[in-house]
Amino acid sequence: MDTFAETSKLIIKQKFEPLEALANAAANALDLDMLGGLGETANHYDVYTDDGGDKFRVIETSEYCGCCNGRAICRPNHKLQLRVFEPSKSNSTEAMVFDRPCKCGQCCAILDICRQEMTVFEGPEINGNVIGYIKQPILGGLLSPTLDLMDREESEEAYATIKANAVCCIGGVCCDHSFEVTDKNGTVVGKIVKTKPSSLGEFAKEMASDADAFALELNQEASLTAQQKANIFAGLYLIDYMFFENEGELKLDAVNQECSVKCCDMYCCGCVCPCSCNCGGNDDDEDGGGGDE
């Protein structure tokens, strides 16, 4: 927890998985979405300070298929744990674990099964020392994605809220996307930024895969404990799975001779609908295939 007491900014980079990118490219080319799921791998993240210092390794553990809640079937809403290692202290014992149950994601956030959540544990044990809990509110913040941060699940009031600096429109590869963290008095205590690609190489990775980069800024003058700041850190990963695990922004469909580029996600009350620009494609009405005159 000392990291969150001492550090004001962290850089988070998701590892690029070539086999996953290849499976998704094949799925798009053959117009077989299920094929992309078969190539889904567990996420890995490297976390640095803004001066390049190595802080954390975050590794997803999840079942490949599971009982209808594995990543090959339910991505990106599958059941998972994120295990956080601090290399300067131990490469084998977790400093924290983030636990997320399987949810019916990208739909209206009214029923509990449709509201995203994550529990944060200190140490390596699930169901051990709970230091934080994150929950999507009913209706998900209406037109701006919102998450409530609490000390534990049974807490009645959130001590802070993560809210997107956007209305209805989330995502897109060409610009930064920020989520402000405010306490219950409305004071900004942190910011989560999904950063745009800074080079052609990063741009190509993001177009072909779900490997993203984030920045986490923490206000060290805010009256938050190290555990509460760790909860904000966990919220970053929940945001990634909710909005940015989209298997690449570019899709090339060889079967239908179509190219699609995702522009953004439209958001309302927890519902997420991708908005894409398409070109090419077979004309169903060609050669007399239309209706009666």
# chains A, B, ... in the order shown; residues from 1 in each chain; ligands from 1
$ closest_atom_pairs --of "region 28-123 of chain A" --to "region 9-24 of chain A" --cutoff "6 Å" --atoms "only C-alpha atoms" --output "JSON lines"
{"residue": "A:Gly36", "atom": "CA", "partner": "A:Asn24", "partner_atom": "CA", "distance": 4.4}
{"residue": "A:Gly39", "atom": "CA", "partner": "A:Glu20", "partner_atom": "CA", "distance": 5.0}
{"residue": "A:Glu40", "atom": "CA", "partner": "A:Glu20", "partner_atom": "CA", "distance": 5.6}
{"residue": "A:His44", "atom": "CA", "partner": "A:Lys15", "partner_atom": "CA", "distance": 5.4}
{"residue": "A:Tyr45", "atom": "CA", "partner": "A:Gln14", "partner_atom": "CA", "distance": 4.3}
{"residue": "A:Asp46", "atom": "CA", "partner": "A:Lys13", "partner_atom": "CA", "distance": 5.3}
{"residue": "A:Val47", "atom": "CA", "partner": "A:Ile12", "partner_atom": "CA", "distance": 4.5}
{"residue": "A:Tyr48", "atom": "CA", "partner": "A:Ile11", "partner_atom": "CA", "distance": 5.1}
{"residue": "A:Thr49", "atom": "CA", "partner": "A:Leu10", "partner_atom": "CA", "distance": 4.6}
{"residue": "A:Asp50", "atom": "CA", "partner": "A:Leu10", "partner_atom": "CA", "distance": 5.9}
$ closest_atom_pairs --of "region 140-217 of chain A" --to "region 109-129 of chain A" --cutoff "10 Å" --atoms "only C-alpha atoms" --output "Markdown table"
| residue | atom | partner | partner_atom | distance |
| --- | --- | --- | --- | --- |
| A:Gly140 | CA | A:Ala109 | CA | 5.6 |
| A:Gly141 | CA | A:Ala109 | CA | 9.1 |
| A:Leu142 | CA | A:Ala109 | CA | 9.3 |
| A:Leu147 | CA | A:Gln116 | CA | 8.6 |
| A:Asp148 | CA | A:Glu117 | CA | 9.3 |
| A:Leu149 | CA | A:Met118 | CA | 9.8 |
| A:Met150 | CA | A:Thr119 | CA | 9.6 |
| A:Asp151 | CA | A:Val120 | CA | 9.3 |
| A:Arg152 | CA | A:Thr119 | CA | 7.8 |
| A:Glu153 | CA | A:Thr119 | CA | 7.8 |
$ closest_residue --among "A:Ala234, A:Leu216, A:Cys279, A:Ala158" --to "Ser178 (chain A)" --atoms "only C-alpha atoms"
A:Leu216
$ residues_around --residues "Pro197 (chain A)" --least-positions-apart "2" --cutoff "9 Å" --atoms "only C-alpha atoms" --output "PyMOL selection string"
chain A and resi 173-176+195+199-206+212-213
$ select_by_dssp --residues "region 143-246 of chain A" --states "strand (DSSP E)" --output "ChimeraX atom specification"
/A:146-150,160-164,169-170,177-183,188-194,213-218
$ closest_atom_pairs --of "region 114-192 of chain A" --to "region 266-273 of chain A" --cutoff "9 Å" --atoms "only C-alpha atoms" --output "Markdown table"
| residue | atom | partner | partner_atom | distance |
| --- | --- | --- | --- | --- |
| A:Cys114 | CA | A:Gly270 | CA | 8.3 |
| A:Arg115 | CA | A:Gly270 | CA | 7.9 |
| A:Gln136 | CA | A:Gly270 | CA | 8.5 |
| A:Ile138 | CA | A:Cys269 | CA | 8.1 |
| A:Leu139 | CA | A:Cys269 | CA | 4.4 |
| A:Gly140 | CA | A:Gly270 | CA | 4.8 |
| A:Gly141 | CA | A:Cys269 | CA | 6.2 |
| A:Leu142 | CA | A:Cys269 | CA | 4.2 |
| A:Leu143 | CA | A:Cys268 | CA | 4.8 |
| A:Ser144 | CA | A:Tyr267 | CA | 7.3 |
| A:Pro145 | CA | A:Gly270 | CA | 7.1 |
| A:Thr146 | CA | A:Gly270 | CA | 8.9 |
| A:Val167 | CA | A:Tyr267 | CA | 7.8 |
| A:Cys168 | CA | A:Tyr267 | CA | 4.6 |
| A:Cys169 | CA | A:Met266 | CA | 4.8 |
| A:Ile170 | CA | A:Met266 | CA | 6.3 |
| A:Gly171 | CA | A:Met266 | CA | 8.7 |
$ write_last_selection --atoms "C-alpha atoms" --output "PDB file, in the first residue's frame"
ATOM      1  CA  CYS A 114     -26.504  -6.335 -15.080  1.00  0.00           C
ATOM      2  CA  ARG A 115     -24.609  -4.017 -12.696  1.00  0.00           C
ATOM      3  CA  GLN A 136     -22.173   0.338 -10.918  1.00  0.00           C
ATOM      4  CA  ILE A 138     -28.714   1.670 -10.819  1.00  0.00           C
ATOM      5  CA  LEU A 139     -29.063   2.996 -14.399  1.00  0.00           C
ATOM      6  CA  GLY A 140     -25.266   3.288 -14.561  1.00  0.00           C
ATOM      7  CA  GLY A 141     -25.077   7.063 -14.230  1.00  0.00           C
ATOM      8  CA  LEU A 142     -27.673   7.657 -16.994  1.00  0.00           C
ATOM      9  CA  LEU A 143     -25.740   9.204 -19.920  1.00  0.00           C
ATOM     10  CA  SER A 144     -22.266   9.269 -18.312  1.00  0.00           C
ATOM     11  CA  PRO A 145     -20.710   5.975 -17.160  1.00  0.00           C
ATOM     12  CA  THR A 146     -20.399   5.979 -13.364  1.00  0.00           C
ATOM     13  CA  VAL A 167     -22.010  12.225 -22.410  1.00  0.00           C
ATOM     14  CA  CYS A 168     -23.362   9.267 -24.413  1.00  0.00           C
ATOM     15  CA  CYS A 169     -20.129   8.767 -26.394  1.00  0.00           C
ATOM     16  CA  ILE A 170     -17.266   6.627 -25.023  1.00  0.00           C
ATOM     17  CA  GLY A 171     -14.137   5.248 -26.672  1.00  0.00           C
TER      18      GLY A 171
END
$ residues_around --residues "Glu6 (chain A)" --least-positions-apart "2" --cutoff "10 Å" --atoms "only C-alpha atoms" --output "list in words"
Met1, Asp2, Thr3, Phe4, Ser8, Lys9, Leu218, Gln220 and Ala226 of chain A
$ write_last_selection --atoms "C-alpha atoms" --output "PDB file, in the first residue's frame"
ATOM      1  CA  MET A   1       0.000   0.000   0.000  1.00  0.00           C
ATOM      2  CA  ASP A   2       3.005   2.289   0.322  1.00  0.00           C
ATOM      3  CA  THR A   3       2.898   2.864  -3.445  1.00  0.00           C
ATOM      4  CA  PHE A   4      -0.452   4.621  -3.229  1.00  0.00           C
ATOM      5  CA  SER A   8       0.863  10.611  -7.677  1.00  0.00           C
ATOM      6  CA  LYS A   9       0.811   9.022 -11.165  1.00  0.00           C
ATOM      7  CA  LEU A 218      -3.938  10.522  -7.634  1.00  0.00           C
ATOM      8  CA  GLN A 220      -1.873  13.187  -2.745  1.00  0.00           C
ATOM      9  CA  ALA A 226      -3.923   4.140   0.775  1.00  0.00           C
TER      10      ALA A 226
END
$ select_by_dssp --residues "region 60-248 of chain A" --states "helix (DSSP H, G or I)" --output "JSON, numbers by chain"
{"A": [71, 72, 73, 74, 112, 113, 114, 138, 139, 140, 141, 200, 201, 202, 203, 204, 205, 206, 207, 208, 226, 227, 228, 229, 230, 231, 232, 233, 234, 235, 236, 237, 238, 239, 240, 241, 242, 243, 244]}
$ residues_around --residues "Leu82 (chain A)" --least-positions-apart "5" --cutoff "8 Å" --atoms "only C-alpha atoms" --output "PDB file with C-alpha atoms, in the first residue's frame"
ATOM      1  CA  VAL A  58      -1.255  -7.422 -12.862  1.00  0.00           C
ATOM      2  CA  ILE A  59      -2.236 -10.859 -14.176  1.00  0.00           C
ATOM      3  CA  GLU A  60      -5.742 -12.067 -14.947  1.00  0.00           C
ATOM      4  CA  THR A  61      -6.754 -15.547 -13.814  1.00  0.00           C
ATOM      5  CA  VAL A  97      -6.447  -9.408  -5.655  1.00  0.00           C
ATOM      6  CA  PHE A  98      -9.358  -7.861  -7.569  1.00  0.00           C
ATOM      7  CA  ASP A  99     -12.364 -10.180  -7.899  1.00  0.00           C
TER       8      ASP A  99
END
$ closest_residue --among "A:Gly172, A:Glu94, A:Lys229, A:Ala160" --to "Cys263 (chain A)" --atoms "only C-alpha atoms"
A:Gly172
